[in-house]
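So the structure is just underneath, and the comments pick up after that.
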Amino acid sequence: MDVRLPHELNIYQDIFKEFYLSKYSGRRLMWQNSLGHCVLKAEFPKGKKELAVSLFQTVVLMLFNDAEKLSFQDIKEATRIEDKELRRTLQSLACGKVRVLQKIPKGRDVEDDDTFVFNDQFTTPLYRIKVNAIQMKETVEENTNTTERVFQDRQYQVDAAIVRIMKTRKVLSHTLLITELFQQLKFPIKPADLKKRIESLIEREYLERDRNNPQVYNYLA
């Protein structure tokens, strides 16, 4: 997911990118913004705090270094965070247990015409506070899409494991290959699904069945 980072973070990304590409040639560096976390030093009238937040929460909060009041549309335009993700992010900052922002008008859901202000009344006995994200409720369609993507990713992992084992062993029976796959793979999978991946690799000529015993596979270099 794309996001417009503050200038301060862009500088450090560029420094690391230059270092990384000088160390590894022929590689491409991609940033997974949805997995980023930061610790922000925050100054409230009632005391300084450290906020453990996600990268999206960071991007939103840093806007309030230069503004006391921002509309939902202002924040959306400034950060370019995808609509649904931005609403969740603002909910976590203004509607959750740790309210470092205030939402106007008050309410659980974030609407298009809402406005947000820095909460100068925020107080807590803790010095470091983790601002938890609001969990997204998946629709049936999104859940199905996620399941399909996971299955696709696992197919590639299974294929790679089969080829890796067969490349080492050269010749292996079906039973022993399945046993080794169960030992190597870190997720549950049915024997029938493993058999399908083996058949796929045979069709793509990575493996072949032994002419004398169809329960034995040969690795094709």
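In the structure tokens, chains take the letters A, B, ... in the order shown, each chain's residues start at 1, and ligands count up from 1 in the order shown.
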Next item on the list: Please provide the set of residues having any atom within 9 Å of A:Leu93, restricted to only C-alpha atoms, with same-chain residues fewer than 5 positions apart removed, written as a ChimeraX atom specification.
Entry: /A:57,61,88,98-102,131-133
Next item on the list: Show which residues sit within 9 Å of A:Glu205, as a VMD selection string. Count only C-alpha atoms, and ignore same-chain residues fewer than 5 positions away.
Entry: chain A and resid 200 219 to 220
Export, as a CSV table (one decimal), in the first residue's frame, the selected residues with C-alpha atoms.
```csv
chain,number,residue,atom,x,y,z
A,200,SER,CA,2.0,-30.3,-11.8
A,219,TYR,CA,14.4,-35.6,-10.6
A,220,LEU,CA,15.0,-34.1,-14.1
```
Notebook entry, point to check: What lies within 8 Å of A:Thr123 using only C-alpha atoms, ignoring chain neighbours under 6 positions off, as a ChimeraX atom specification?
Noted result: /A:44,46-47
Residues of the last selection are to be written out with C-alpha atoms, as a compact mmCIF listing (two decimals), in the first residue's frame.
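Just written: result.txt:
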```
# COMPACT_ATOMS: atom_id res chain seq x y z
CA PHE A 44 1.68 17.10 25.63
CA LYS A 46 0.69 17.49 30.85
CA GLY A 47 3.98 15.74 30.09
```
Checklist line | Distance query A:Ile134 at most 8 Å, only C-alpha atoms, self and fewer than 5 positions along chain excluded, as a list of chain:residue names | finding: A:Arg88, A:Thr89, A:Gln91, A:Ser92, A:Gly96
Per residue of stretch 11-85 of chain A within 6 Å of stretch 107-117 of chain A, which atom pair is closest and at what distance in Å (one decimal), using only C-alpha atoms, listed by chain and increasing number, as a Markdown table?
```
| residue | atom | partner | partner_atom | distance |
| --- | --- | --- | --- | --- |
| A:Glu68 | CA | A:Val117 | CA | 5.6 |
| A:Lys69 | CA | A:Val117 | CA | 4.5 |
| A:Leu70 | CA | A:Phe116 | CA | 5.3 |
| A:Ser71 | CA | A:Thr115 | CA | 4.1 |
| A:Phe72 | CA | A:Asp114 | CA | 5.7 |
```
Restricting it to N, CA and C atoms, dump the selection as a compact mmCIF listing (two decimals), in the first residue's frame.
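Output file out.txt is given in full below:
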```txt
# COMPACT_ATOMS: atom_id res chain seq x y z
N GLU A 68 -2.92 22.41 14.01
CA GLU A 68 -3.67 22.00 15.20
C GLU A 68 -4.96 21.30 14.82
N LYS A 69 -5.48 21.60 13.62
CA LYS A 69 -6.79 21.08 13.21
C LYS A 69 -6.75 20.69 11.75
N LEU A 70 -7.19 19.46 11.44
CA LEU A 70 -7.19 18.97 10.06
C LEU A 70 -8.48 18.20 9.78
N SER A 71 -9.03 18.37 8.59
CA SER A 71 -10.21 17.61 8.21
C SER A 71 -9.80 16.23 7.70
N PHE A 72 -10.76 15.34 7.63
CA PHE A 72 -10.48 14.00 7.09
C PHE A 72 -9.92 14.11 5.68
```
